[in-house]
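A.B. asks: This is upload29.cif, which holds mmCIF, C-alpha atoms and all ligand atoms:
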data_final
loop_
_atom_site.label_atom_id
_atom_site.label_comp_id
_atom_site.auth_asym_id
_atom_site.auth_seq_id
_atom_site.Cartn_x
_atom_site.Cartn_y
_atom_site.Cartn_z
CA MET A 23 -27.45 -23.57 -6.25
CA PRO A 24 -25.61 -26.41 -4.45
CA SER A 25 -23.65 -25.58 -1.31
CA PRO A 26 -19.87 -25.83 -1.57
CA GLN A 27 -18.64 -29.19 -0.35
CA HIS A 28 -15.86 -29.49 2.19
CA PRO A 29 -14.46 -33.06 2.45
CA ARG A 30 -10.86 -31.85 2.90
CA GLY A 31 -11.99 -28.94 5.03
CA GLN A 32 -13.88 -31.43 7.20
CA ALA A 33 -10.79 -33.62 7.63
CA ILE A 34 -8.72 -30.58 8.62
CA ALA A 35 -11.44 -29.37 11.01
CA ASP A 36 -11.63 -32.84 12.60
CA ALA A 37 -7.86 -32.90 13.09
CA ALA A 38 -8.00 -29.37 14.52
CA ALA A 39 -10.72 -30.33 17.00
CA ARG A 40 -8.39 -32.98 18.43
CA VAL A 41 -5.57 -30.56 19.27
CA ILE A 42 -7.01 -27.03 19.30
CA PRO A 43 -9.82 -26.18 21.74
CA GLY A 44 -12.95 -25.76 19.64
CA GLY A 45 -10.86 -26.38 16.52
CA VAL A 46 -10.06 -22.68 15.97
CA ASN A 47 -7.53 -20.23 17.36
CA SER A 48 -9.96 -17.38 18.06
CA SER A 49 -13.42 -17.93 19.53
CA THR A 50 -15.31 -16.09 16.78
CA ARG A 51 -13.79 -18.05 13.89
CA TYR A 52 -16.06 -21.03 14.40
CA ILE A 53 -19.08 -20.67 12.16
CA GLY A 54 -20.47 -24.18 12.10
CA ALA A 55 -18.94 -25.14 8.75
CA PRO A 56 -15.53 -26.70 8.16
CA TYR A 57 -13.73 -23.89 6.37
CA SER A 58 -10.02 -24.17 5.79
CA PHE A 59 -8.47 -21.74 3.35
CA VAL A 60 -5.38 -22.46 1.32
CA GLU A 61 -5.11 -19.53 -1.07
CA ALA A 62 -5.87 -15.82 -1.08
CA ALA A 63 -5.34 -13.26 -3.82
CA GLY A 64 -6.90 -9.82 -4.23
CA ALA A 65 -10.59 -10.00 -3.39
CA TYR A 66 -10.76 -13.83 -3.54
CA VAL A 67 -9.98 -16.75 -1.25
CA THR A 68 -10.00 -20.46 -2.04
CA ASP A 69 -10.68 -23.25 0.42
CA ALA A 70 -8.97 -26.62 0.75
CA ASP A 71 -11.65 -28.18 -1.46
CA GLY A 72 -11.13 -25.77 -4.31
CA ASN A 73 -14.21 -23.59 -3.65
CA ARG A 74 -13.51 -19.96 -4.51
CA TYR A 75 -15.15 -17.09 -2.65
CA LEU A 76 -15.37 -13.37 -3.13
CA ASP A 77 -14.23 -12.21 0.28
CA TYR A 78 -16.20 -9.63 2.25
CA HIS A 79 -15.16 -11.07 5.61
CA ALA A 80 -11.62 -9.72 5.06
CA ALA A 81 -10.24 -11.32 8.24
CA PHE A 82 -12.61 -9.18 10.34
CA GLY A 83 -11.32 -6.13 8.51
CA ALA A 84 -7.58 -6.77 8.60
CA ILE A 85 -7.43 -7.03 4.82
CA LEU A 86 -7.68 -3.52 3.47
CA LEU A 87 -5.88 -3.36 0.13
CA GLY A 88 -6.74 -6.92 -0.87
CA HIS A 89 -5.19 -10.27 -0.04
CA ASN A 90 -1.47 -10.79 -0.57
CA HIS A 91 -1.03 -7.28 -1.86
CA PRO A 92 2.16 -7.26 -3.97
CA ALA A 93 3.60 -4.04 -2.50
CA VAL A 94 3.04 -5.22 1.06
CA ASN A 95 4.41 -8.69 0.39
CA ASP A 96 7.48 -7.28 -1.38
CA ALA A 97 8.17 -5.05 1.62
CA VAL A 98 7.85 -8.04 3.95
CA ARG A 99 10.18 -10.13 1.77
CA ALA A 100 12.74 -7.32 1.80
CA ALA A 101 12.44 -7.10 5.60
CA LEU A 102 13.31 -10.79 5.84
CA GLU A 103 16.73 -9.98 4.36
CA GLY A 104 17.51 -7.54 7.19
CA VAL A 105 17.73 -7.94 10.93
CA ASP A 106 15.06 -10.26 12.31
CA LEU A 107 14.70 -9.41 16.00
CA VAL A 108 17.26 -8.19 18.52
CA GLY A 109 15.09 -6.63 21.18
CA LEU A 110 17.35 -3.74 22.10
CA GLY A 111 17.05 -0.14 21.00
CA VAL A 112 14.99 0.78 17.95
CA THR A 113 15.16 0.09 14.21
CA GLU A 114 14.79 2.57 11.38
CA GLY A 115 11.59 0.80 10.35
CA GLU A 116 10.01 1.52 13.72
CA VAL A 117 10.95 5.18 13.49
CA ALA A 118 9.60 5.43 9.94
CA LEU A 119 6.29 3.86 10.97
CA ALA A 120 5.82 6.19 13.95
CA GLU A 121 6.74 9.20 11.79
CA ARG A 122 4.21 8.16 9.19
CA VAL A 123 1.41 7.64 11.74
CA VAL A 124 2.15 11.05 13.26
CA GLU A 125 1.98 12.53 9.77
CA ILE A 126 -1.39 11.04 8.85
CA LEU A 127 -3.34 10.85 12.13
CA PRO A 128 -4.68 14.29 13.12
CA SER A 129 -4.47 13.69 16.90
CA ALA A 130 -1.05 12.00 16.99
CA GLU A 131 2.27 13.51 17.97
CA SER A 132 3.72 10.21 19.08
CA MET A 133 2.92 6.55 18.57
CA ILE A 134 3.94 3.27 20.18
CA ALA A 135 3.55 -0.09 18.46
CA THR A 136 1.77 -3.16 19.79
CA MET A 137 1.09 -6.52 18.16
CA SER A 138 -2.70 -6.36 18.18
CA GLY A 139 -5.72 -4.17 18.70
CA SER A 140 -6.52 -5.76 22.06
CA GLU A 141 -3.07 -4.92 23.38
CA ALA A 142 -3.38 -1.35 22.14
CA VAL A 143 -6.72 -0.94 23.94
CA ALA A 144 -5.45 -2.51 27.17
CA GLN A 145 -2.51 -0.08 27.14
CA ALA A 146 -4.64 2.95 26.33
CA VAL A 147 -6.99 2.12 29.20
CA ARG A 148 -4.05 1.70 31.56
CA LEU A 149 -2.60 5.02 30.42
CA ALA A 150 -5.96 6.77 30.93
CA ARG A 151 -6.20 5.44 34.48
CA ALA A 152 -2.61 6.40 35.21
CA VAL A 153 -2.81 9.99 33.98
CA THR A 154 -6.18 10.75 35.54
CA GLY A 155 -5.68 8.80 38.75
CA ARG A 156 -9.24 7.53 38.28
CA ASP A 157 -10.56 3.99 38.07
CA LEU A 158 -13.71 3.81 35.91
CA ILE A 159 -14.00 3.39 32.14
CA VAL A 160 -17.12 4.05 30.07
CA LYS A 161 -17.79 1.93 26.99
CA PHE A 162 -20.83 1.67 24.76
CA GLN A 163 -23.28 -1.18 24.61
CA GLY A 164 -22.29 -3.39 21.70
CA GLY A 165 -18.81 -1.91 21.28
CA PHE A 166 -16.04 -4.48 21.04
CA HIS A 167 -12.51 -3.52 21.99
CA GLY A 168 -10.74 -6.88 22.20
CA TRP A 169 -10.19 -9.36 24.96
CA SER A 170 -8.77 -7.32 27.84
CA ASP A 171 -10.61 -7.44 31.16
CA ALA A 172 -11.59 -3.77 31.23
CA VAL A 173 -13.64 -3.95 28.05
CA ALA A 174 -14.79 -7.54 27.52
CA ARG A 175 -18.41 -6.95 28.32
CA ASN A 176 -21.68 -5.74 26.80
CA VAL A 177 -21.01 -6.85 23.28
CA ILE A 178 -24.47 -7.73 22.16
CA SER A 179 -24.18 -10.27 19.40
CA PRO A 180 -27.10 -12.69 19.64
CA ALA A 181 -24.71 -15.49 20.52
CA ASP A 182 -23.57 -13.48 23.51
CA ARG A 183 -27.15 -12.95 24.52
CA ALA A 184 -28.18 -16.54 23.90
CA TYR A 185 -25.34 -17.97 25.96
CA GLY A 186 -25.66 -15.29 28.61
CA ARG A 187 -22.14 -14.22 27.74
CA ASP A 188 -21.87 -10.91 29.44
CA PRO A 189 -19.09 -10.63 30.38
CA LEU A 190 -17.61 -12.34 27.37
CA SER A 191 -15.57 -14.62 29.53
CA ARG A 192 -15.40 -16.13 32.96
CA GLY A 193 -12.18 -15.53 34.83
CA ILE A 194 -12.48 -11.75 34.85
CA LEU A 195 -12.38 -10.29 38.35
CA PRO A 196 -15.69 -8.76 39.43
CA GLN A 197 -13.78 -5.59 40.34
CA ALA A 198 -12.63 -5.29 36.72
CA LEU A 199 -16.18 -5.66 35.44
CA ASP A 200 -17.53 -3.23 38.01
CA SER A 201 -14.97 -0.69 36.79
CA THR A 202 -16.54 -0.66 33.33
CA LEU A 203 -19.67 1.43 32.97
CA ILE A 204 -21.99 1.06 30.01
CA ALA A 205 -23.61 3.86 28.04
CA GLU A 206 -25.70 3.83 24.87
CA PHE A 207 -24.30 4.91 21.55
CA ASN A 208 -25.75 8.12 20.10
CA ASP A 209 -27.28 8.91 23.48
CA LEU A 210 -25.21 11.65 25.07
CA ASP A 211 -27.55 11.83 28.05
CA SER A 212 -26.64 8.25 28.98
CA VAL A 213 -22.99 9.33 29.26
CA THR A 214 -23.78 12.56 31.09
CA ALA A 215 -25.81 10.54 33.59
CA LEU A 216 -22.79 8.33 34.32
CA PHE A 217 -20.61 11.38 34.90
CA GLU A 218 -23.27 12.76 37.26
CA VAL A 219 -23.35 9.60 39.33
CA HIS A 220 -19.66 8.80 39.30
CA LYS A 221 -18.37 12.37 39.41
CA ASP A 222 -14.56 12.37 39.40
CA ARG A 223 -14.05 8.66 38.99
CA ILE A 224 -14.28 8.26 35.20
CA ALA A 225 -10.84 7.98 33.60
CA ALA A 226 -11.94 7.57 29.99
CA VAL A 227 -14.73 7.05 27.53
CA ILE A 228 -13.75 4.52 24.86
CA MET A 229 -15.68 4.21 21.61
CA GLU A 230 -15.49 2.77 18.16
CA PRO A 231 -16.20 5.99 16.26
CA ILE A 232 -18.51 3.86 14.11
CA PRO A 233 -19.41 0.74 16.12
CA HIS A 234 -18.71 -1.75 13.35
CA ASN A 235 -18.87 -4.65 15.77
CA VAL A 236 -22.63 -4.27 15.61
CA GLY A 237 -22.70 -3.50 11.91
CA ALA A 238 -22.45 0.23 11.31
CA LEU A 239 -24.05 2.73 13.67
CA LEU A 240 -23.17 6.18 12.39
CA PRO A 241 -22.52 8.70 15.14
CA THR A 242 -24.53 11.88 14.97
CA THR A 243 -22.49 15.08 14.92
CA GLU A 244 -24.08 16.22 18.18
CA PHE A 245 -23.08 12.94 19.81
CA VAL A 246 -19.36 12.98 18.95
CA THR A 247 -19.05 16.72 19.48
CA GLY A 248 -20.90 16.42 22.77
CA LEU A 249 -18.68 13.56 23.92
CA ARG A 250 -15.58 15.56 23.13
CA GLU A 251 -16.83 18.52 25.15
CA LEU A 252 -18.16 16.42 28.01
CA THR A 253 -14.98 14.39 28.52
CA ARG A 254 -12.87 17.54 28.37
CA GLU A 255 -15.07 19.34 30.91
CA ARG A 256 -15.01 16.37 33.26
CA GLY A 257 -11.27 15.70 33.03
CA ALA A 258 -11.66 12.28 31.39
CA LEU A 259 -9.89 11.07 28.26
CA LEU A 260 -11.71 10.29 25.04
CA ILE A 261 -10.30 7.19 23.36
CA PHE A 262 -11.18 6.46 19.74
CA ASP A 263 -10.73 2.78 19.07
CA GLU A 264 -9.94 3.02 15.36
CA VAL A 265 -8.90 -0.63 15.05
CA ILE A 266 -11.46 -1.05 12.25
CA THR A 267 -12.06 2.51 11.07
CA GLY A 268 -8.41 3.66 11.03
CA LEU A 269 -6.96 3.77 7.49
CA ARG A 270 -10.13 2.11 6.22
CA HIS A 271 -12.44 5.12 6.11
CA SER A 272 -9.74 7.71 5.49
CA LEU A 273 -5.97 7.92 5.84
CA GLY A 274 -6.41 9.89 9.06
CA GLY A 275 -9.08 7.55 10.44
CA TYR A 276 -12.66 8.44 11.26
CA GLN A 277 -11.39 11.31 13.42
CA GLN A 278 -10.38 12.99 10.19
CA VAL A 279 -13.83 12.40 8.74
CA VAL A 280 -15.63 13.98 11.71
CA GLY A 281 -12.94 16.55 12.45
CA ILE A 282 -12.69 15.64 16.13
CA ASN A 283 -9.44 14.80 17.86
CA PRO A 284 -9.64 12.17 20.59
CA ASP A 285 -7.02 12.11 23.35
CA LEU A 286 -5.84 8.63 22.43
CA THR A 287 -6.29 6.47 19.36
CA THR A 288 -5.86 2.73 19.15
CA PHE A 289 -5.38 0.88 15.93
CA GLY A 290 -4.59 -2.55 14.51
CA LYS A 291 -6.24 -4.76 11.85
CA GLY A 292 -5.88 -2.99 8.45
CA LEU A 293 -2.76 -1.11 9.54
CA ALA A 294 -0.50 -3.82 8.14
CA ASN A 295 -2.94 -5.36 5.64
CA GLY A 296 -3.13 -8.78 7.27
CA PHE A 297 0.14 -8.89 9.18
CA PRO A 298 -0.12 -8.63 12.97
CA SER A 299 0.24 -5.09 14.23
CA GLY A 300 -1.36 -2.38 16.31
CA GLY A 301 -0.55 0.76 18.21
CA VAL A 302 -1.52 3.59 20.50
CA ALA A 303 -1.13 7.19 19.39
CA GLY A 304 -1.78 10.58 20.95
CA PRO A 305 -0.31 13.89 22.00
CA ARG A 306 3.24 13.86 23.33
CA ASP A 307 2.40 14.85 26.91
CA LEU A 308 0.12 11.83 27.32
CA MET A 309 2.25 9.39 25.36
CA GLU A 310 5.39 10.30 27.34
CA HIS A 311 3.93 8.35 30.25
CA PHE A 312 4.99 5.28 28.23
CA ASN A 313 8.59 6.55 28.25
CA GLY A 314 10.53 3.68 29.81
CA GLN A 315 12.98 6.02 31.56
CA THR A 316 10.95 9.00 32.68
CA GLY A 317 7.36 7.75 32.41
CA ASP A 318 5.22 5.78 34.81
CA VAL A 319 3.20 3.42 32.59
CA LEU A 320 4.61 0.10 31.47
CA LEU A 321 4.20 -0.82 27.82
CA ALA A 322 6.36 -3.78 26.91
CA GLY A 323 6.22 -6.50 24.28
CA THR A 324 8.95 -8.66 22.79
CA PHE A 325 7.51 -8.46 19.31
CA ASN A 326 6.33 -4.83 19.34
CA GLY A 327 7.59 -2.98 16.27
CA ASN A 328 9.10 -6.11 14.73
CA ALA A 329 10.55 -5.89 11.24
CA ILE A 330 7.67 -7.61 9.44
CA ALA A 331 4.92 -5.61 11.13
CA CYS A 332 6.72 -2.32 10.44
CA ALA A 333 7.49 -3.18 6.82
CA ALA A 334 3.91 -4.29 6.15
CA ALA A 335 2.37 -1.26 7.87
CA LEU A 336 4.68 1.18 6.10
CA ALA A 337 3.96 -0.41 2.73
CA THR A 338 0.21 -0.24 3.43
CA ILE A 339 0.37 3.46 4.33
CA ASP A 340 2.72 4.16 1.40
CA HIS A 341 0.27 2.53 -0.96
CA LEU A 342 -2.67 4.53 0.41
CA GLN A 343 -0.73 7.79 0.21
CA ALA A 344 0.37 7.08 -3.34
CA ASN A 345 -3.16 6.03 -4.37
CA PRO A 346 -5.64 8.38 -2.74
CA ASP A 347 -8.25 7.15 -5.22
CA PHE A 348 -8.41 4.03 -3.00
CA TYR A 349 -10.94 5.98 -0.92
CA GLN A 350 -12.98 7.24 -3.87
CA ARG A 351 -13.11 3.70 -5.30
CA THR A 352 -14.01 1.80 -2.13
CA HIS A 353 -16.52 4.47 -1.08
CA ALA A 354 -18.16 4.43 -4.51
CA LEU A 355 -18.36 0.63 -4.48
CA GLY A 356 -19.76 0.72 -0.96
CA GLU A 357 -22.37 3.22 -2.09
CA ARG A 358 -23.26 1.09 -5.12
CA MET A 359 -23.70 -1.94 -2.88
CA ARG A 360 -25.79 -0.10 -0.30
CA THR A 361 -28.00 1.47 -2.96
CA GLY A 362 -28.42 -1.88 -4.73
CA LEU A 363 -29.38 -3.64 -1.48
CA THR A 364 -31.83 -0.89 -0.59
CA GLU A 365 -33.47 -1.21 -4.01
CA LEU A 366 -33.68 -4.98 -3.59
CA VAL A 367 -35.33 -5.00 -0.19
CA THR A 368 -37.74 -2.28 -1.29
CA GLU A 369 -38.69 -4.19 -4.42
CA LEU A 370 -39.06 -7.47 -2.52
CA ASP A 371 -40.84 -5.77 0.37
CA ILE A 372 -38.46 -7.13 2.99
CA GLU A 373 -38.19 -5.41 6.36
CA ALA A 374 -34.55 -4.42 6.21
CA THR A 375 -32.29 -1.37 6.37
CA THR A 376 -28.99 -0.85 4.62
CA ALA A 377 -26.19 0.81 6.55
CA GLY A 378 -22.47 1.41 6.38
CA PHE A 379 -19.76 3.89 5.61
CA GLY A 380 -17.10 3.91 2.91
CA GLY A 381 -16.42 0.35 1.83
CA ILE A 382 -18.34 -1.23 4.72
CA PHE A 383 -21.88 -2.41 4.12
CA VAL A 384 -24.49 -3.97 6.34
CA LEU A 385 -28.02 -5.19 5.83
CA TYR A 386 -29.98 -5.03 9.08
CA PHE A 387 -33.21 -6.98 9.09
CA ALA A 388 -35.21 -4.28 10.85
CA LYS A 389 -37.04 -1.12 9.87
CA PRO A 390 -35.15 2.17 9.95
CA PRO A 391 -33.91 4.08 11.81
CA ILE A 392 -30.98 2.10 13.23
CA LEU A 393 -29.13 4.56 15.41
CA GLY A 394 -28.34 2.77 18.64
CA TYR A 395 -28.58 -0.25 20.87
CA ARG A 396 -32.34 -0.28 21.26
CA ASP A 397 -32.77 -0.28 17.47
CA LEU A 398 -30.37 -3.22 17.15
CA LEU A 399 -32.56 -5.29 19.41
CA ARG A 400 -35.24 -5.09 16.69
CA ASN A 401 -32.90 -6.81 14.21
CA ASN A 402 -34.13 -10.22 13.04
CA ASP A 403 -30.98 -12.16 13.92
CA GLU A 404 -32.20 -15.33 12.23
CA ALA A 405 -32.70 -13.54 8.90
CA TYR A 406 -29.36 -11.74 9.22
CA VAL A 407 -27.46 -14.98 9.78
CA ALA A 408 -29.44 -16.78 7.06
CA PHE A 409 -28.65 -14.00 4.57
CA HIS A 410 -24.90 -14.23 5.26
CA ARG A 411 -25.00 -18.01 5.17
CA GLY A 412 -26.92 -18.02 1.89
CA MET A 413 -24.40 -15.63 0.36
CA THR A 414 -21.46 -17.73 1.55
CA GLU A 415 -23.03 -20.85 0.06
CA ARG A 416 -23.14 -18.99 -3.25
CA GLY A 417 -19.47 -18.07 -3.07
CA PHE A 418 -19.60 -14.67 -1.33
CA LEU A 419 -17.80 -14.96 1.99
CA MET A 420 -19.72 -13.19 4.75
CA LEU A 421 -19.52 -14.05 8.40
CA PRO A 422 -22.69 -15.89 9.41
CA MET A 423 -22.99 -14.21 12.80
CA SER A 424 -25.55 -11.54 13.47
CA LEU A 425 -24.54 -7.89 13.20
CA LYS A 426 -21.25 -8.67 11.46
CA ARG A 427 -20.25 -6.17 8.81
CA ASN A 428 -18.90 -6.73 5.30
CA HIS A 429 -15.76 -5.12 3.90
CA ILE A 430 -14.95 -3.97 0.39
CA SER A 431 -11.18 -3.92 -0.11
CA GLY A 432 -9.02 -2.14 -2.65
CA ALA A 433 -9.19 -5.27 -4.81
CA HIS A 434 -12.98 -5.47 -5.26
CA THR A 435 -14.42 -4.28 -8.56
CA GLN A 436 -17.73 -2.94 -9.80
CA GLU A 437 -18.36 -6.26 -11.48
CA ASP A 438 -17.83 -8.01 -8.13
CA VAL A 439 -20.42 -5.73 -6.53
CA ASP A 440 -22.93 -6.32 -9.30
CA ARG A 441 -22.48 -10.09 -9.08
CA THR A 442 -22.98 -9.84 -5.33
CA LEU A 443 -26.25 -7.98 -5.81
CA GLU A 444 -27.50 -10.63 -8.23
CA ALA A 445 -26.75 -13.35 -5.68
CA ALA A 446 -28.30 -11.24 -2.91
CA ARG A 447 -31.53 -11.16 -4.91
CA ASP A 448 -31.63 -14.99 -5.02
CA VAL A 449 -30.92 -15.29 -1.32
CA LEU A 450 -33.48 -12.67 -0.32
CA VAL A 451 -36.15 -14.27 -2.51
CA ALA A 452 -35.40 -17.65 -0.88
CA LEU A 453 -35.54 -16.11 2.60
CA ARG A 454 -38.87 -14.48 1.84
CA ALA A 455 -40.24 -17.75 0.47
CA ALA A 456 -39.08 -19.56 3.62
CA GLY A 457 -40.74 -16.88 5.76
CA THR A 458 -37.50 -16.19 7.66
N1 LIG A 501 -11.00 -2.98 18.78
C1 LIG A 501 -11.92 -3.21 17.82
C2 LIG A 501 -12.81 -2.10 17.39
C3 LIG A 501 -12.01 -4.46 17.23
O1 LIG A 501 -12.93 -4.70 16.28
C4 LIG A 501 -11.10 -5.48 17.63
C5 LIG A 501 -11.19 -6.82 17.01
O2 LIG A 501 -12.13 -7.20 16.38
C6 LIG A 501 -10.17 -5.19 18.61
C7 LIG A 501 -10.14 -3.93 19.17
C8 LIG A 501 -9.19 -6.23 19.04
O3 LIG A 501 -8.19 -6.34 18.07
P1 LIG A 501 -7.33 -7.69 17.95
O4 LIG A 501 -8.26 -8.74 17.48
O5 LIG A 501 -6.26 -7.34 16.96
O6 LIG A 501 -6.77 -7.97 19.29
#
With the file now loaded, output its structure as structure tokens.
Ligand code: PLP

C.D. replies:
Amino acid sequence: MPSPQHPRGQAIADAAARVIPGGVNSSTRYIGAPYSFVEAAGAYVTDADGNRYLDYHAAFGAILLGHNHPAVNDAVRAALEGVDLVGLGVTEGEVALAERVVEILPSAESMIATMSGSEAVAQAVRLARAVTGRDLIVKFQGGFHGWSDAVARNVISPADRAYGRDPLSRGILPQALDSTLIAEFNDLDSVTALFEVHKDRIAAVIMEPIPHNVGALLPTTEFVTGLRELTRERGALLIFDEVITGLRHSLGGYQQVVGINPDLTTFGKGLANGFPSGGVAGPRDLMEHFNGQTGDVLLAGTFNGNAIACAAALATIDHLQANPDFYQRTHALGERMRTGLTELVTELDIEATTAGFGGIFVLYFAKPPILGYRDLLRNNDEAYVAFHRGMTERGFLMLPMSLKRNHISGAHTQEDVDRTLEAARDVLVALRAAGT
């Protein structure tokens, strides 16, 4: 099958490279091919050269219901008729959004809006340090929590390893990096050991409840339960970064799935189905530290809780509440995809393991089990990237970076999944023939 051609995309990418550093507005958007998209509807996107793709990239997970979802877009259009931005007091939309988040998120009594997941994490970390009076944060190897200094390290994509990018960026003070301790996912002992060494200095443990930034490592029950008990015993906060998992895996996030309440939850991405948004939520006593009059932790942002973000987020939550079968559908499609991929690699005798949860699916090129960091190091990065690239060339948009996950949205169908599996067969056969 011929690769999609990109003459217009190339011209746009060339123009971008002249005025935007690296030609993209977020470091991880560059994938070595000149993609420029001009249309998006449901599960499909179309590039500037007219190539149409079934989208599993989903803007890194920000698209949850499908692209340009009519209910979300209608809500945004209606919001444009009201007040745009005044920056004083609060709007009814902001109140409605916080009320709704408190209603659906098991651990939330109060919520404050941000514009992105990174901001939410930075604020949650600051809050944890403020309330505990401690300085250190524990994160897990491979977990990604955005760009803020406290967490921008130990994200183990192969590119990071190849370019020696740990930390992810220069310009972060060594003190900030030294304040972030690294543990291994699904290894409670590695966290206990840090608490033993650093005693009363750990303010919080932050985790993606399923680390989707390295595909999909499912937490064992003992691990999450143990973390909850350990942090409580040691006076540290447990932060669930539900920027990807929140709303996607269940209305009440992954905390609802595992039945464990963290102290703080951060969210973003799918919350507003593609419109910029995010937030921090938790119990009132903790969240009141953000109270601008009586609290002691600054959380400020000109665009926080703006009309468009609130309208889009409310419409997204409304849609999910009115259509609970969203979860049955996306989970069933995810299961169909994972089962189909497992059958394929078994039949073709390819060393690979299928993973995921709900509508997220991943094909690791390594033998099972894949439970933690050490297992991820066995992944054949070259095969992983080649598989995603091969799929994209056939019209199935997957991010050609190792360990990146794929997302099934509310707009994907069973036929889409079956077509994907047919294409996956071709790509896997070609990979095997090439000896990748
Ligand atoms: N937390 C997690 C788990 C993420 O995956 C991301 C982004 O990929 C972030 C935080 C940062 O969110 P944003 O890109 O909205 O700043």

A.B. asks: May I have a table of the residues of chain A lying at most 6 Å from ligand LIG 501 (chain A), giving each one's closest pair of atoms and their distance in Å to one decimal, counting only C-alpha atoms and all ligand atoms, ordered by chain and ascending residue number, as a Markdown table?

C.D. replies:
| residue | atom | partner | partner_atom | distance |
| --- | --- | --- | --- | --- |
| A:Ser138 | CA | A:LIG501 | O5 | 3.9 |
| A:Gly139 | CA | A:LIG501 | O3 | 3.3 |
| A:Ser140 | CA | A:LIG501 | O6 | 3.6 |
| A:Phe166 | CA | A:LIG501 | C1 | 5.4 |
| A:His167 | CA | A:LIG501 | N1 | 3.6 |
| A:Gly168 | CA | A:LIG501 | C8 | 3.6 |
| A:Glu230 | CA | A:LIG501 | C2 | 5.6 |
| A:Asn235 | CA | A:LIG501 | O1 | 6.0 |
| A:Asp263 | CA | A:LIG501 | C2 | 5.6 |
| A:Val265 | CA | A:LIG501 | C2 | 4.8 |
| A:Ile266 | CA | A:LIG501 | C2 | 5.4 |
| A:Gly290 | CA | A:LIG501 | O5 | 5.6 |
| A:Lys291 | CA | A:LIG501 | O5 | 5.7 |

A.B. asks: Counting only C-alpha atoms, figure out which residue out of A:Ile261, A:Leu190, A:Ala238, A:Ala146 gets nearest to A:Tyr395.

C.D. replies: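 Among the listed residues, A:Ala238 lies closest to A:Tyr395.
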
A.B. asks: Smallest atom-to-atom distance to A:Met420: which of A:Glu444, A:Asp77, A:Asp36, A:Glu373, using all atoms listed in the file?

C.D. replies: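 Going through A:Glu444, A:Asp77, A:Asp36, A:Glu373 one by one, the smallest distance to A:Met420 is for A:Asp77.
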
A.B. asks: I'd like to know which of A:Arg122, A:Arg447, A:Arg254, A:His434 is closest to A:Thr352, using all atoms listed in the file.

C.D. replies: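 Looking only at the distances to A:Thr352, the closest residue turns out to be A:His434.
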
A.B. asks: Build an axis-aligned box that encloses every atom of stretch 427-437 of chain A listed in the file, pad it by 3 Å on each side, and report its centre and edge lengths in Å to one decimal, as JSON.

C.D. replies:
{"center_x": -14.6, "center_y": -4.4, "center_z": -1.3, "size_x": 17.2, "size_y": 10.6, "size_z": 26.3}

A.B. asks: Enter the distance from atom CA of A:Ser201 to atom CA of A:Gly304, in Å, rounded to one decimal.

C.D. replies: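 It comes out at 23.5 Å.
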
A.B. asks: Show me the residues close to (16.1, -7.6, 10.1) - anything with an atom within 12 Å, counting only C-alpha atoms - and format the list as a count of residues only.

C.D. replies: 25

A.B. asks: Distance atom CA of A:Arg250-atom CA of A:Asn283, one decimal place?

C.D. replies: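 Taking atom CA of A:Arg250 and atom CA of A:Asn283, their separation equals 8.1 Å.
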
A.B. asks: Residues near A:Met229, anyone? I mean within 10 Å using all atoms listed in the file, not counting same-chain ones fewer than 5 positions away, as a list in words.

C.D. replies: Val160, Lys161, Phe162, Gln163, Gly165, Phe166, His167, Phe207, Val246, Leu260, Ile261, Phe262, Asp263, Glu264 and Thr287 of chain A

A.B. asks: Tell me which protein, DNA and RNA residues are within 10 Å of A:Glu131, counting all atoms listed in the file, leaving out same-chain ones fewer than 3 positions away, and put them as a list in words.

C.D. replies: Ala120, Glu121, Val123, Val124, Glu125, Leu127, Pro128, Ala303, Gly304, Pro305, Arg306, Asp307, Leu308 and Met309 of chain A

A.B. asks: Measuring between all atoms listed in the file, which one of A:Arg156, A:Arg400, A:Arg358, A:Lys389 shows the shortest distance to A:Glu437?

C.D. replies: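 Checking each of A:Arg156, A:Arg400, A:Arg358, A:Lys389 against A:Glu437, counting all atoms listed in the file, the winner is A:Arg358.
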
A.B. asks: Do you have the atom CA of A:Leu273-atom CA of A:Ile126 distance handy?

C.D. replies: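 Result for atom CA of A:Leu273 versus atom CA of A:Ile126: 6.3 Å, one decimal.
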